[in-house]
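One file, query.csv, is given below (CSV, C-alpha atoms).
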chain,number,residue,atom,x,y,z
A,9,MET,CA,0.0,0.0,0.0
A,10,ALA,CA,2.7,2.5,0.9
A,11,SER,CA,4.7,2.1,-2.4
A,12,ALA,CA,1.5,2.4,-4.4
A,13,TYR,CA,0.7,5.6,-2.5
A,14,HIS,CA,4.1,7.1,-3.3
A,15,ARG,CA,3.6,6.3,-7.0
A,16,THR,CA,0.2,7.9,-7.0
A,17,VAL,CA,1.5,11.1,-5.3
A,18,SER,CA,4.4,11.3,-7.8
A,19,ASN,CA,1.8,11.2,-10.7
A,20,LEU,CA,-0.3,13.9,-9.2
A,21,GLN,CA,2.4,16.4,-8.4
A,22,ALA,CA,2.4,17.8,-11.9
A,23,THR,CA,-1.3,18.6,-11.6
A,24,THR,CA,-0.9,21.0,-8.7
A,25,THR,CA,-0.6,24.7,-9.3
A,26,GLN,CA,2.0,27.4,-8.7
A,27,HIS,CA,4.7,24.8,-8.4
A,28,GLU,CA,3.4,23.8,-5.0
A,29,ARG,CA,2.1,20.4,-4.0
A,30,LEU,CA,-1.2,20.9,-2.3
A,31,ALA,CA,-3.7,18.3,-0.9
A,32,TYR,CA,-7.0,17.9,0.8
A,33,THR,CA,-7.1,15.1,3.3
A,34,THR,CA,-9.3,13.4,5.9
A,35,PHE,CA,-9.0,10.5,8.3
A,36,LEU,CA,-11.2,7.5,8.4
A,37,ALA,CA,-11.0,4.8,11.2
A,38,GLY,CA,-13.0,1.6,11.4
A,39,THR,CA,-13.7,2.1,15.1
A,40,GLN,CA,-17.3,3.2,15.0
A,41,ALA,CA,-18.3,0.7,12.4
A,42,LYS,CA,-16.8,-2.1,14.6
A,43,MET,CA,-18.7,-0.8,17.6
A,44,ASP,CA,-21.9,-0.8,15.5
A,45,ASN,CA,-21.2,-4.4,14.3
A,46,ILE,CA,-21.3,-3.3,10.7
A,47,THR,CA,-19.8,-5.8,8.2
A,48,ALA,CA,-18.9,-3.8,5.1
A,49,SER,CA,-20.4,-4.7,1.8
A,50,GLU,CA,-21.6,-2.7,-1.2
A,51,GLU,CA,-25.2,-3.3,-0.1
A,52,ASN,CA,-24.8,-1.7,3.3
A,53,PHE,CA,-22.2,1.1,2.6
A,54,HIS,CA,-24.9,3.6,3.7
A,55,SER,CA,-25.1,1.9,7.2
A,56,ASP,CA,-21.6,3.1,8.0
A,57,LYS,CA,-22.2,6.8,8.6
A,58,TYR,CA,-18.5,7.8,8.8
A,59,PHE,CA,-17.7,6.0,5.5
A,60,THR,CA,-20.7,7.7,3.8
A,61,ALA,CA,-19.5,11.0,5.2
A,62,THR,CA,-16.1,10.4,3.7
A,63,ARG,CA,-17.6,9.7,0.3
A,64,LEU,CA,-19.7,12.8,0.5
A,65,LEU,CA,-16.7,15.0,1.4
A,66,GLY,CA,-14.8,13.5,-1.5
A,67,TYR,CA,-17.8,14.1,-3.9
A,68,HIS,CA,-17.8,17.8,-2.8
A,69,LEU,CA,-14.0,18.2,-3.2
A,70,MET,CA,-13.6,16.3,-6.4
A,71,HIS,CA,-16.8,16.2,-8.4
A,72,LYS,CA,-19.7,18.5,-7.5
A,73,PRO,CA,-19.6,21.4,-10.0
A,74,THR,CA,-20.3,24.1,-7.5
A,75,THR,CA,-17.8,22.9,-4.9
A,76,ARG,CA,-15.1,20.9,-6.5
A,77,THR,CA,-11.4,22.0,-6.7
A,78,ARG,CA,-10.5,24.4,-9.5
A,79,ARG,CA,-6.8,23.6,-9.1
A,80,ASP,CA,-6.9,19.8,-9.4
A,81,ILE,CA,-5.9,19.5,-5.8
A,82,PRO,CA,-6.0,15.7,-4.9
A,83,PHE,CA,-8.1,14.3,-2.1
A,84,VAL,CA,-6.2,11.9,0.2
A,85,VAL,CA,-7.9,9.7,2.7
A,86,MET,CA,-5.7,8.3,5.5
A,87,VAL,CA,-7.2,5.1,6.9
A,88,THR,CA,-6.5,2.8,9.8
A,89,GLN,CA,-5.8,-0.9,9.6
A,90,THR,CA,-9.5,-1.6,10.6
A,91,VAL,CA,-11.0,0.0,7.4
A,92,PRO,CA,-11.9,-3.0,5.1
A,93,ASP,CA,-10.5,-3.4,1.6
A,94,ILE,CA,-13.9,-3.1,0.0
A,95,GLN,CA,-14.3,0.4,1.4
A,96,ILE,CA,-10.8,1.4,0.3
A,97,LYS,CA,-11.5,0.2,-3.2
A,98,ARG,CA,-14.7,2.1,-3.3
A,99,LEU,CA,-13.0,5.3,-2.2
A,100,GLU,CA,-10.3,4.8,-4.9
A,101,LYS,CA,-13.0,4.2,-7.5
A,102,ASP,CA,-14.6,7.5,-6.3
A,103,GLY,CA,-11.3,9.2,-7.2
A,104,ALA,CA,-9.6,9.5,-3.8
A,105,ILE,CA,-6.0,8.5,-3.0
A,106,VAL,CA,-6.1,6.1,0.0
A,107,VAL,CA,-3.1,5.5,2.3
A,108,ARG,CA,-3.4,2.9,5.1
A,109,VAL,CA,-1.2,3.7,8.2
A,110,GLU,CA,-0.2,2.0,11.4
A,111,PRO,CA,-1.5,3.2,14.8
A,112,GLN,CA,0.2,6.2,16.4
A,113,PRO,CA,2.0,5.1,19.6
A,114,THR,CA,0.7,6.7,22.8
A,115,GLY,CA,1.5,6.6,26.5
A,116,GLU,CA,-0.6,5.1,29.2
A,117,TRP,CA,-2.2,8.5,29.8
A,118,PHE,CA,-4.3,8.1,26.7
A,119,HIS,CA,-7.9,8.0,27.8
A,120,PRO,CA,-10.2,9.6,25.2
A,121,ARG,CA,-13.6,10.8,26.4
A,122,LYS,CA,-15.5,8.6,23.8
A,123,ALA,CA,-14.7,5.1,22.7
A,124,ARG,CA,-14.9,6.0,19.0
A,125,TRP,CA,-11.9,8.3,19.5
A,126,SER,CA,-9.6,5.5,20.3
A,127,ASP,CA,-7.8,5.9,17.0
A,128,VAL,CA,-7.7,9.7,16.7
A,129,MET,CA,-4.1,10.0,17.7
A,130,THR,CA,-3.2,8.3,14.4
A,131,LYS,CA,-4.2,11.6,12.8
A,132,LEU,CA,-0.7,12.7,13.8
A,133,ARG,CA,0.7,10.6,11.0
A,134,LEU,CA,-0.6,13.3,8.6
A,135,TRP,CA,2.7,15.1,9.3
A,136,GLN,CA,4.5,12.2,7.7
A,137,MET,CA,3.0,13.0,4.3
A,138,VAL,CA,6.0,15.1,3.3
A,139,GLN,CA,5.3,14.5,-0.4
A,140,PHE,CA,3.1,17.6,-0.1
A,141,ASP,CA,4.0,21.1,0.8
A,142,ARG,CA,0.7,22.2,2.4
A,143,ILE,CA,-2.4,20.2,3.3
A,144,LEU,CA,-5.9,21.2,4.4
A,145,PHE,CA,-7.3,18.6,6.8
A,146,LEU,CA,-11.1,18.2,7.2
A,147,ASP,CA,-12.9,15.8,9.5
A,148,VAL,CA,-15.0,13.3,7.6
A,149,ASP,CA,-18.2,14.9,8.9
A,150,SER,CA,-17.5,18.0,6.9
A,151,ALA,CA,-19.2,19.2,3.7
A,152,LEU,CA,-18.7,22.0,1.2
A,153,ILE,CA,-21.1,24.9,0.3
A,154,GLY,CA,-18.5,26.3,-2.1
A,155,PRO,CA,-15.0,25.7,-3.4
A,156,LEU,CA,-12.3,25.6,-0.7
A,157,ASP,CA,-9.2,26.3,-2.9
A,158,GLY,CA,-9.0,29.9,-1.8
A,159,VAL,CA,-8.1,28.8,1.8
A,160,PHE,CA,-4.6,28.2,0.6
A,161,ASP,CA,-4.4,31.9,-0.3
A,162,ASP,CA,-5.7,33.1,3.1
A,163,PRO,CA,-3.2,35.4,4.9
A,164,GLY,CA,-3.0,32.9,7.8
A,165,ALA,CA,-2.1,30.0,5.5
A,166,LYS,CA,1.6,30.8,5.3
A,167,ALA,CA,4.5,29.2,7.1
A,168,VAL,CA,6.0,31.3,9.9
A,169,GLY,CA,9.1,31.2,12.1
A,170,SER,CA,9.1,29.7,15.6
A,171,VAL,CA,9.2,32.2,18.5
A,172,LYS,CA,12.6,32.5,20.2
A,173,ASP,CA,11.6,33.6,23.7
A,174,PRO,CA,7.9,32.7,24.2
A,175,LYS,CA,6.1,33.2,27.5
A,176,SER,CA,5.5,29.4,27.6
A,177,PRO,CA,8.8,28.0,26.4
A,178,TRP,CA,9.7,24.7,24.8
A,179,ASP,CA,10.4,21.9,27.3
A,180,SER,CA,13.8,20.6,26.0
A,181,GLU,CA,14.0,17.9,28.6
A,182,THR,CA,10.9,16.0,27.7
A,183,GLU,CA,9.9,17.3,24.3
A,184,GLY,CA,11.3,16.6,20.9
A,185,GLU,CA,13.0,19.2,18.7
A,186,ILE,CA,10.9,21.8,17.1
A,187,PRO,CA,11.4,23.2,13.6
A,188,THR,CA,12.5,26.8,12.8
A,189,GLN,CA,9.5,27.2,10.5
A,190,TYR,CA,6.1,25.6,10.6
A,191,LEU,CA,2.5,26.0,9.5
A,192,MET,CA,-0.6,25.4,11.7
A,193,ALA,CA,-3.6,27.5,10.8
A,194,SER,CA,-7.2,27.0,11.9
A,195,ALA,CA,-10.1,28.8,13.5
A,196,PRO,CA,-11.7,28.8,17.0
A,197,GLU,CA,-14.6,26.4,17.7
A,198,THR,CA,-18.0,28.1,17.7
A,199,LYS,CA,-20.8,27.6,20.2
A,200,THR,CA,-24.1,26.0,18.9
A,201,ARG,CA,-25.6,29.5,18.9
A,202,HIS,CA,-23.4,32.0,17.2
A,203,SER,CA,-23.4,34.9,14.9
A,204,PHE,CA,-21.7,35.0,11.5
A,205,PRO,CA,-19.0,35.9,11.2
A,206,PRO,CA,-18.5,34.8,14.8
A,207,LEU,CA,-17.3,37.2,17.5
A,208,ASN,CA,-15.1,36.3,20.5
A,209,LYS,CA,-18.2,35.7,22.6
A,210,ASP,CA,-19.3,33.0,20.1
A,211,PHE,CA,-16.2,30.8,20.7
A,212,LEU,CA,-16.8,27.7,22.8
A,213,HIS,CA,-13.3,27.7,24.4
A,214,GLY,CA,-12.3,31.3,23.6
A,215,PRO,CA,-10.3,32.7,20.6
A,216,ASP,CA,-7.1,30.9,21.5
A,217,TYR,CA,-8.3,27.3,21.1
A,218,PHE,CA,-8.9,25.7,17.7
A,219,ASN,CA,-10.9,22.8,16.5
A,220,ALA,CA,-8.8,19.9,15.1
A,221,GLY,CA,-11.5,19.1,12.5
A,222,PHE,CA,-10.3,21.8,10.1
A,223,PHE,CA,-6.7,23.0,9.9
A,224,LEU,CA,-4.1,23.8,7.3
A,225,PHE,CA,-0.5,22.6,7.9
A,226,SER,CA,2.8,21.7,6.4
A,227,PRO,CA,3.9,18.1,6.8
A,228,SER,CA,7.2,17.7,8.7
A,229,ALA,CA,9.1,14.7,10.0
A,230,ILE,CA,10.5,17.0,12.8
A,231,LEU,CA,7.0,18.0,13.9
A,232,HIS,CA,5.7,14.4,13.8
A,233,THR,CA,8.6,13.4,16.1
A,234,TYR,CA,7.8,16.3,18.3
A,235,TYR,CA,4.1,15.4,18.5
A,236,THR,CA,5.1,11.8,19.3
A,237,SER,CA,7.2,13.0,22.2
A,238,LEU,CA,4.1,14.9,23.5
A,239,ALA,CA,2.1,11.7,23.2
A,240,SER,CA,4.4,10.0,25.7
A,241,ASN,CA,3.7,9.7,29.4
A,242,SER,CA,6.0,12.7,30.2
A,243,SER,CA,3.3,15.0,28.8
A,244,SER,CA,0.5,13.6,31.0
A,245,LYS,CA,0.0,16.9,32.9
A,246,LYS,CA,0.5,19.4,30.0
A,247,PHE,CA,-2.9,19.1,28.5
A,248,ARG,CA,-6.2,17.3,29.1
A,249,THR,CA,-6.5,14.0,27.3
A,250,ASP,CA,-10.3,13.8,26.9
A,251,CYS,CA,-10.1,15.2,23.4
A,252,PRO,CA,-6.6,13.8,22.9
A,253,GLU,CA,-5.3,14.9,19.5
A,254,GLN,CA,-7.1,18.2,19.6
A,255,ASN,CA,-5.7,19.1,23.0
A,256,LEU,CA,-2.2,17.9,22.1
A,257,LEU,CA,-2.2,20.1,19.0
A,258,ASN,CA,-3.5,23.1,20.9
A,259,TYR,CA,-0.8,22.6,23.5
A,260,ALA,CA,1.9,22.2,20.8
A,261,HIS,CA,0.7,25.4,19.1
A,262,ARG,CA,-0.5,27.4,22.1
A,263,LYS,CA,-0.7,31.1,21.5
A,264,ASP,CA,2.0,31.9,24.1
A,265,GLY,CA,4.3,29.1,23.1
A,266,PRO,CA,7.1,28.7,20.6
A,267,MET,CA,4.8,27.7,17.7
A,268,PRO,CA,1.6,29.6,18.0
A,269,TRP,CA,-1.2,28.7,15.5
A,270,THR,CA,-2.3,31.3,13.0
A,271,THR,CA,-6.0,32.2,12.4
A,272,LEU,CA,-7.8,31.5,9.2
A,273,ASP,CA,-10.8,33.6,8.1
A,274,SER,CA,-13.9,32.1,9.8
A,275,LYS,CA,-15.7,32.0,6.5
A,276,TRP,CA,-13.8,28.8,5.5
A,277,ASN,CA,-15.4,26.5,8.1
A,278,ILE,CA,-17.9,26.6,10.9
A,279,VAL,CA,-18.6,23.9,13.5
A,280,LEU,CA,-22.3,23.2,14.1
A,281,ALA,CA,-23.2,25.5,11.2
A,282,ASN,CA,-26.7,26.8,10.7
A,283,LYS,CA,-28.8,28.3,7.9
A,284,ASN,CA,-27.6,31.8,8.8
A,285,ASP,CA,-24.0,30.7,8.3
A,286,VAL,CA,-24.8,29.3,4.9
A,287,GLU,CA,-26.9,32.3,3.8
A,288,LYS,CA,-24.0,34.7,4.8
A,289,GLY,CA,-21.3,32.8,2.9
A,290,VAL,CA,-19.6,30.1,5.0
A,291,VAL,CA,-17.7,27.9,2.6
A,292,SER,CA,-17.7,24.6,4.5
A,293,VAL,CA,-19.5,23.1,7.5
A,294,HIS,CA,-18.6,20.6,10.2
A,295,MET,CA,-21.3,18.6,12.1
A,296,LYS,CA,-22.6,15.1,12.6
A,297,TRP,CA,-25.5,15.6,10.3
A,298,TRP,CA,-26.9,12.1,10.8
A,299,ASN,CA,-28.0,13.1,14.3
A,300,GLY,CA,-31.0,14.9,12.8
A,301,LYS,CA,-30.0,18.4,13.8
A,302,GLY,CA,-29.1,21.6,12.1
A,303,LEU,CA,-28.7,21.2,8.4
A,304,TRP,CA,-29.4,17.5,8.3
A,305,GLN,CA,-32.1,17.8,5.6
A,306,TRP,CA,-29.6,19.5,3.3
A,307,PHE,CA,-27.0,16.8,4.1
A,308,ASP,CA,-29.5,14.0,3.3
A,309,ARG,CA,-30.2,15.6,-0.1
A,310,GLU,CA,-26.5,15.9,-0.8
A,311,VAL,CA,-25.9,12.2,0.1
A,312,SER,CA,-28.6,11.3,-2.4
A,313,ARG,CA,-27.0,13.5,-5.1
A,314,MET,CA,-23.6,11.9,-4.3
A,315,GLU,CA,-25.0,8.3,-4.6
A,316,GLY,CA,-26.8,9.2,-7.8
A,317,PHE,CA,-23.6,10.7,-9.3
A,318,TYR,CA,-21.5,7.6,-8.5
A,319,TRP,CA,-24.3,5.2,-9.6
A,320,GLY,CA,-24.4,7.0,-13.0
A,321,ARG,CA,-20.7,7.1,-13.4
A,322,ASP,CA,-20.2,3.4,-12.4
Go through the file and emit its structure as C-alpha cells.
Amino acid sequence: MASAYHRTVSNLQATTTQHERLAYTTFLAGTQAKMDNITASEENFHSDKYFTATRLLGYHLMHKPTTRTRRDIPFVVMVTQTVPDIQIKRLEKDGAIVVRVEPQPTGEWFHPRKARWSDVMTKLRLWQMVQFDRILFLDVDSALIGPLDGVFDDPGAKAVGSVKDPKSPWDSETEGEIPTQYLMASAPETKTRHSFPPLNKDFLHGPDYFNAGFFLFSPSAILHTYYTSLASNSSSKKFRTDCPEQNLLNYAHRKDGPMPWTTLDSKWNIVLANKNDVEKGVVSVHMKWWNGKGLWQWFDREVSRMEGFYWGRD
C-alpha cells in the first residue's frame, strides 16, 4: 500500500498549481463501524455513517460542479488498519488517494472521552505525508457549500518562524526538537448558537483554542517526532486527554508558546453550522448531520446526489 501511494503522489504532483504540492485530506477509522457491528459490503455502505460522510466529502471536493477544486488538488484519505479493503476500493473508485497507516504510539495516559476516539491520535501521521507542501485537513463529517481552494491563499495560511523567547517555552528535557519554520492554521470552535462571522463571545473555548476538525498545515518529520514526544507519558499533565489529539495540537501550538497557531478567516469553516451561516457565505460546515439536527435535511439531499452521481458514473 505504501509504495502504491508514493507512485500515485508522484503522478499527481504535476497537476498542482504554482509549483506547489497541495492536498485535501481526511482521516477514516473503522472504530465506530466495529462498535456498530457493521460488516462492510456494497449493499450496506450507507449503514456506516462515517464511511458515507467520507464519500460525501470526496464528492464535494472532487466532483460536484459548484464545490469541486478548480486547481486539481488531490483528495487523500488516510485510513486505519481496521478499514476494510472493500471500502478502500470504493474510495479509490470515487477518485480518492487512499493510504493505510499503522496506529500512532501513545503513552498510558491516553484515555479519550469517547470510545470512538480510540484511533484519533493516528491523525498525527498526517505530518509524515511530506510528499506535499501544504495540506488542508477536514474531519470526515464535513461538507462544502462552495470551493475551498481559496483557503490556501488566506493570509493565515503561510509558514511562519518559531518564536525565540515565548512566554510558555519549549520543554527541551521531555519534548522533541521543534522546527525553525512551521504552519498550523485553523479557527476557533464556535458555540451552537453564534453569529456569522463569529465574535469572541461566540467561541466555545475562547479565541485561542482551535478545533482539530479543520486545519491547514505543512507536513514535517520533525513535527511528527515532536508530537510523538508529546504523546508519551511525560506530557500527561501538560494538557487534558479527553479530546486527545485536539488538546495535544492546541498545546503544541498554544498562542503563548514557541509555535503559535495562526488564524484563518472564519468563512472557510464553521462547526455546528446553521442556515444563517450558509446564507451569509460560509464555505464549509462541520457537524454530525446524521443526528437529525441543524442542516441534516440539506445533508440528506447531498448524500442522495452523491450516490446518484457515482451510480451513474459506475
One number please: atom CA of A:Asp216 to atom CA of A:Ile186, in Å, one decimal.
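The value is 20.6 Å.
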Computed interatomic separation between atom CA of A:Thr200 and atom CA of A:Tyr58 (Å)
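Between atom CA of A:Thr200 and atom CA of A:Tyr58 the gap works out to 21.6 Å.
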Tell me, counting all atoms listed in the file, for each residue of stretch 191-212 of chain A within 9 Å of stretch 263-273 of chain A, which pair of atoms is nearest and how far apart they are in Å to one decimal, in rows ordered by chain and increasing number, as JSON lines.
{"residue": "A:Leu191", "atom": "CA", "partner": "A:Trp269", "partner_atom": "CA", "distance": 7.5}
{"residue": "A:Met192", "atom": "CA", "partner": "A:Trp269", "partner_atom": "CA", "distance": 5.1}
{"residue": "A:Ala193", "atom": "CA", "partner": "A:Thr270", "partner_atom": "CA", "distance": 4.6}
{"residue": "A:Ser194", "atom": "CA", "partner": "A:Leu272", "partner_atom": "CA", "distance": 5.3}
{"residue": "A:Ala195", "atom": "CA", "partner": "A:Thr271", "partner_atom": "CA", "distance": 5.4}
{"residue": "A:Pro196", "atom": "CA", "partner": "A:Thr271", "partner_atom": "CA", "distance": 8.1}
Point out the residue among A:Leu156, A:Ile230, A:Ala260, A:Val279 with the least atom-to-atom distance to A:Leu212, counting only C-alpha atoms.
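Of A:Leu156, A:Ile230, A:Ala260, A:Val279, the one nearest A:Leu212 is A:Val279, counting only C-alpha atoms.
Nearest-residue note for A:Asp179: choosing from A:Gly66, A:Phe211, A:Ala167, A:Ser237, the minimum distance belongs to A:Ser237, counting only C-alpha atoms.
In this comparison, which uses all atoms listed in the file, the residue of A:Ser176, A:Ser240, A:Thr62, A:Asn299 approaching A:Ala104 most closely is A:Thr62.
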Given the choices A:Glu110, A:Ala31, A:Ser312, A:Gly115, which gets closest to A:Pro82 if the distance is worked out from all atoms listed in the file?
A:Ala31
Excluding A:Trp304 and residues on its chain fewer than 6 positions from it, collect all residues at most 10 Å away from it, counting all atoms listed in the file, and give them as a PyMOL selection string.
chain A and resi 282+295-298+310
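Minimum atom-to-atom distance to A:Phe145, evaluated using only C-alpha atoms, belongs to A:Ser226 out of A:Thr182, A:Thr90, A:Ser55, A:Ser226.
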Compile the contact shell of stretch 97-101 of chain A as a PyMOL selection string: residues with an atom at most 9 Å away, counting only C-alpha atoms, same-chain residues fewer than 5 positions apart removed.
chain A and resi 50+62-63+66+85+92+106+322
Could you list, as a PyMOL selection string, every residue within 7 Å of A:Leu65, counting all atoms listed in the file and ignoring same-chain residues fewer than 6 positions away?
chain A and resi 148+150-151
Min atom-atom distance to A:His27 from the set A:Asn219, A:Gly320, A:Phe140, A:Arg76, counting only C-alpha atoms, belongs to A:Phe140
Atom CA of A:Pro113 to atom CA of A:Pro252: how many Å, to one decimal?
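Atom CA of A:Pro252 lies at a distance of 12.7 Å from atom CA of A:Pro113.
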Within 8 Å of (-6.7, 5.1, 10.4), only C-alpha atoms: residues as an MDAnalysis selection string?
chainID A and resid 35:38 86:91 108:111 127:128 130:131
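Residues having any atom no farther than 6 Å from (-4.8, 29.0, 5.3) (counting only C-alpha atoms) are Val159, Phe160, Asp162, Gly164, Ala165, Ala193, Leu224 and Leu272 of chain A.
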